[in-house]
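Here the structure comes first, spelled out in structure tokens, and everything after it is commentary.
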Amino acid sequence: MVTSKIILITLFAFASYANADNKVVCYYDSTSNLRTGQGKFDLSFLEPALQFCTHLVYGYAGINPDNFKMVPLNEQFDVTKENYRHLTDLKRRFPGLRVLLSVGGGSDVSGEDSEKNLIYRTVLESVDHRLAFINSAKDIIKHYGFDGLDLAWEFPENKPKKIRSSFKQFWVGIKHKIVGESVLDEQAAEHKEQFTALVREVRNSFRHDGLLLTLSVLPNVNSTVYYDPRQIAPHVDFVTLHAYDFYTPERNPKEADYPAPIYDLIDRKVDENGDYQVRYWLQQGCPNNKLVFGIPTYGRAWKMDEDSGLTGVPPLPIDGPAEAGPYTNEAGLLSYPEICTKIATPNEIKAGYLGKLRKVNDPTKRYGTYAFRLPKDDKEGIWVAFEDPDTAGQKASYVKAKGLGGIAIVDITLDDFRGLCTGDKYPLLRAAKFRL
Ligand SMILES: *[C@@H]1O[C@H](CO)[C@@H](O)[C@H](O)[C@H]1NC(C)=O
């Protein structure tokens, strides 16, 4: 009896220690600096977030297609205006914080080929290219005092789900002739092996300086095709699964659905949910504590029309991306503050919504939240699925239940960094952190 009590206490102590060890990885995309008005983000907004973050991942660097060297994508901002230096200086005030520089991330369009990310495969294809990349990356990391490198490698994305309609069929037919239907990358198997080699080589190069190496698995990149978890995991500090954007207005302009469900839904593809991605990495030999689960801070927004029906229940036929929001200025994407300010309050609901959105919560805690407004008079219809503090917290609880290594907030510049929703700054980051 006494022994079992001691064991229980020991287990409990161990469990709380493990929790304290959880990572909170905060992504910071520098293109937020180019937004205007309330959306514009600069370093002065960063500090209230950093009390919650264990790692700051700054993006994005790119690859020079001529010599395969890693380069700042925004030289003016990162180097001339010294944003790199200002970032790593933050470690003086936040001594536990680790600051990493990320390369790729879907932001690098430097390849001249119409396939913007071809350069990421070309780098892999020869030892010399990989060496040029690794040496240049290490130079930048060390020169500016970063703690390590995050590889957000730009592999080709899965093809989006096809919707059967005569119009769509016509285009699919044309495309078929040009690029082929399902073969995205004929050398995928080679690229997978070469990427493993790259990871091993970066680790060897970094070992002496104790630099960190992490991976970001980007949305819609098929892990089965490009990642070998068993071979990779021993060489990386952690892997962040960007397990969202399974549905986007760009990829799925005719049908809206949950963009970032935790679990699978009836009648959907089995791999379009976070849990599937996590299980793949675990089953293939990645240790739990090296897996980090990405939580988006934005919503995917489509335009509802007469064919969308009245219930808002997804999946639903839809008419392309919704108009850009006032802060982010990107069609089909709304930051959390752009959404929260559109949701009807109880008083507005009583008064008949007044053009605001009706929010629909998810009592199952498995799929996510959405909000919508039917098209009416001069007001446009809109359907947006997004994270709120509740769903972000549910994802953190999932991470805890699975014993994973932590959460990533992607990206903190689209969270409510000004406190426009309720006065609290960074409500999604906060809610997720406190549920870990
Ligand atoms: C990912 O790749 C595997 C193996 O090639 C394939 O079976 C699966 O359908 C792919 N998933 C998607 C979403 O394309």
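By order in the structure tokens, chains are A, B, ...; within a chain, residues start at 1; ligands start at 1, following the order shown.
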Do you have, as JSON lines, the list of residues of chain A lying at most 8 Å from ligand 1, each with its nearest atom pair and that distance in Å to one decimal, counting only C-alpha atoms and all ligand atoms and ordered by chain then number?
{"residue": "A:Asn158", "atom": "CA", "partner": "ligand 1", "partner_atom_place_in_ligand_line": "14 (O)", "distance": 5.1}
{"residue": "A:Lys159", "atom": "CA", "partner": "ligand 1", "partner_atom_place_in_ligand_line": "14 (O)", "distance": 6.7}
{"residue": "A:Asn220", "atom": "CA", "partner": "ligand 1", "partner_atom_place_in_ligand_line": "13 (C)", "distance": 7.2}
{"residue": "A:Asn222", "atom": "CA", "partner": "ligand 1", "partner_atom_place_in_ligand_line": "1 (C)", "distance": 4.9}
{"residue": "A:Ser223", "atom": "CA", "partner": "ligand 1", "partner_atom_place_in_ligand_line": "1 (C)", "distance": 6.9}
{"residue": "A:Thr224", "atom": "CA", "partner": "ligand 1", "partner_atom_place_in_ligand_line": "2 (O)", "distance": 5.1}
{"residue": "A:Val225", "atom": "CA", "partner": "ligand 1", "partner_atom_place_in_ligand_line": "2 (O)", "distance": 5.3}
{"residue": "A:Lys269", "atom": "CA", "partner": "ligand 1", "partner_atom_place_in_ligand_line": "13 (C)", "distance": 7.5}
{"residue": "A:Asp271", "atom": "CA", "partner": "ligand 1", "partner_atom_place_in_ligand_line": "13 (C)", "distance": 6.0}
{"residue": "A:Glu272", "atom": "CA", "partner": "ligand 1", "partner_atom_place_in_ligand_line": "13 (C)", "distance": 7.0}
Original post:
Please, which residues of range 315-430 of chain A, numbered as in this document, come out strand (DSSP E or B) from DSSP, as number ranges by chain?
Top reply: A: 316-317, 321, 333-335, 343, 357-360, 369-373, 376, 379, 382-386, 406-410
Produce a table with one row for each residue of range 223-313 of chain A that has an atom at most 6 Å from any atom of range 401-405 of chain A, each row naming the nearest atom pair and its distance in Å at one decimal; use only C-alpha atoms; arrange rows by chain and rising residue number; format as JSON lines.
{"residue": "A:Asn288", "atom": "CA", "partner": "A:Leu404", "partner_atom": "CA", "distance": 4.7}
{"residue": "A:Asn289", "atom": "CA", "partner": "A:Gly405", "partner_atom": "CA", "distance": 3.8}
{"residue": "A:Lys290", "atom": "CA", "partner": "A:Gly405", "partner_atom": "CA", "distance": 5.2}
{"residue": "A:Leu291", "atom": "CA", "partner": "A:Gly405", "partner_atom": "CA", "distance": 5.1}
{"residue": "A:Val292", "atom": "CA", "partner": "A:Gly405", "partner_atom": "CA", "distance": 5.3}
Original post:
So how far away is CA of Asp388 in chain A from CA of Thr369 in chain A, in Å?
Top reply: 7.4 Å
So that I can see what lies close to Thr196 in chain A, please list as a JSON list (two decimals) with N, CA and C atoms, in the first residue's frame the residues with an atom at most 9 Å from it, counting only C-alpha atoms and leaving out residues fewer than 3 positions away in the same chain.
[["chain", "number", "residue", "atom", "x", "y", "z"],
["A", 191, "HIS", "N", 14.63, 11.72, -53.50],
["A", 191, "HIS", "CA", 14.61, 12.95, -52.71],
["A", 191, "HIS", "C", 14.42, 12.67, -51.23],
["A", 192, "LYS", "N", 13.65, 11.65, -50.96],
["A", 192, "LYS", "CA", 13.45, 11.28, -49.55],
["A", 192, "LYS", "C", 14.78, 10.84, -48.92],
["A", 193, "GLU", "N", 15.51, 9.99, -49.62],
["A", 193, "GLU", "CA", 16.81, 9.55, -49.10],
["A", 193, "GLU", "C", 17.80, 10.69, -48.98],
["A", 199, "VAL", "N", 19.83, 16.07, -43.57],
["A", 199, "VAL", "CA", 19.60, 16.23, -42.13],
["A", 199, "VAL", "C", 20.80, 15.71, -41.34],
["A", 200, "ARG", "N", 21.30, 14.54, -41.75],
["A", 200, "ARG", "CA", 22.45, 13.96, -41.06],
["A", 200, "ARG", "C", 23.68, 14.86, -41.20],
["A", 201, "GLU", "N", 23.85, 15.42, -42.40],
["A", 201, "GLU", "CA", 25.02, 16.26, -42.65],
["A", 201, "GLU", "C", 24.94, 17.59, -41.88],
["A", 227, "TYR", "N", 9.39, 11.99, -46.02],
["A", 227, "TYR", "CA", 10.07, 11.94, -44.72],
["A", 227, "TYR", "C", 10.20, 10.52, -44.21],
["A", 228, "ASP", "N", 11.36, 10.22, -43.70],
["A", 228, "ASP", "CA", 11.65, 8.92, -43.11],
["A", 228, "ASP", "C", 11.89, 9.13, -41.61],
["A", 231, "GLN", "N", 14.77, 7.41, -39.57],
["A", 231, "GLN", "CA", 16.13, 7.82, -39.92],
["A", 231, "GLN", "C", 16.42, 9.26, -39.51],
["A", 232, "ILE", "N", 15.39, 10.10, -39.56],
["A", 232, "ILE", "CA", 15.58, 11.53, -39.33],
["A", 232, "ILE", "C", 15.62, 11.88, -37.84]]
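Backbone DSSP over range 358-415 of chain A gives helix (DSSP H, G or I) for A:Pro389, A:Asp390, A:Thr391, A:Ala392, A:Gly393, A:Gln394, A:Lys395, A:Ala396, A:Ser397, A:Tyr398, A:Val399, A:Lys400, A:Ala401, A:Lys402, A:Ile412, A:Thr413, A:Leu414.
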Write out, as a tab-separated table (two decimals), in the first residue's frame, the residues just selected, with C-alpha atoms.
chain	number	residue	atom	x	y	z
A	389	PRO	CA	-9.04	30.04	-27.71
A	390	ASP	CA	-11.24	26.96	-27.08
A	391	THR	CA	-10.09	24.97	-30.11
A	392	ALA	CA	-6.46	26.03	-29.63
A	393	GLY	CA	-6.77	24.75	-26.07
A	394	GLN	CA	-8.30	21.49	-27.34
A	395	LYS	CA	-5.29	20.96	-29.58
A	396	ALA	CA	-2.97	21.54	-26.63
A	397	SER	CA	-4.97	18.99	-24.64
A	398	TYR	CA	-4.58	16.53	-27.50
A	399	VAL	CA	-0.82	17.09	-27.42
A	400	LYS	CA	-0.79	16.47	-23.68
A	401	ALA	CA	-2.90	13.33	-23.93
A	402	LYS	CA	-0.62	11.92	-26.63
A	412	ILE	CA	2.05	34.76	-33.68
A	413	THR	CA	1.68	37.77	-35.99
A	414	LEU	CA	-1.83	36.55	-36.92
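Distances to Tyr60 in chain A were evaluated for A:Trp302, A:Tyr144, A:Trp153, A:Phe434 using only C-alpha atoms, and the minimum falls at A:Trp153.
The list of residues with at least one atom within 8 Å of Asp245 in chain A, based on only C-alpha atoms and without residues fewer than 6 positions apart in the same chain, reads Pro219, Asn220, Pro259, Ala260 and Arg300 of chain A.
Each of A:Leu34, A:Ala49, A:Leu354, A:Val313 was checked against Asp415 in chain A using only C-alpha atoms; the smallest atom-to-atom distance is that of A:Ala49.
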**OP:** For CA of Cys421 in chain A and CA of Gly312 in chain A, determine how far apart the two atoms are, in Å to one decimal place.
**Re:** 23.5 Å
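Restricting the calculation to only C-alpha atoms, the smallest distance between Thr328 in chain A and any of A:Thr31, A:Ser136, A:Asn273, A:Gln284 is found for A:Thr31.
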Subject >> Residues near Pro253 in chain A, cut-off 8 Å, only C-alpha atoms, skip fewer than 2 positions along chain, as a PyMOL selection string >> reply: chain A and resi 248-251+255-256+302+318-321
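Among the candidates A:Ala233, A:Leu97, A:Ala351, A:Leu151, the one nearest to Trp281 in chain A when counting only C-alpha atoms is A:Ala233.
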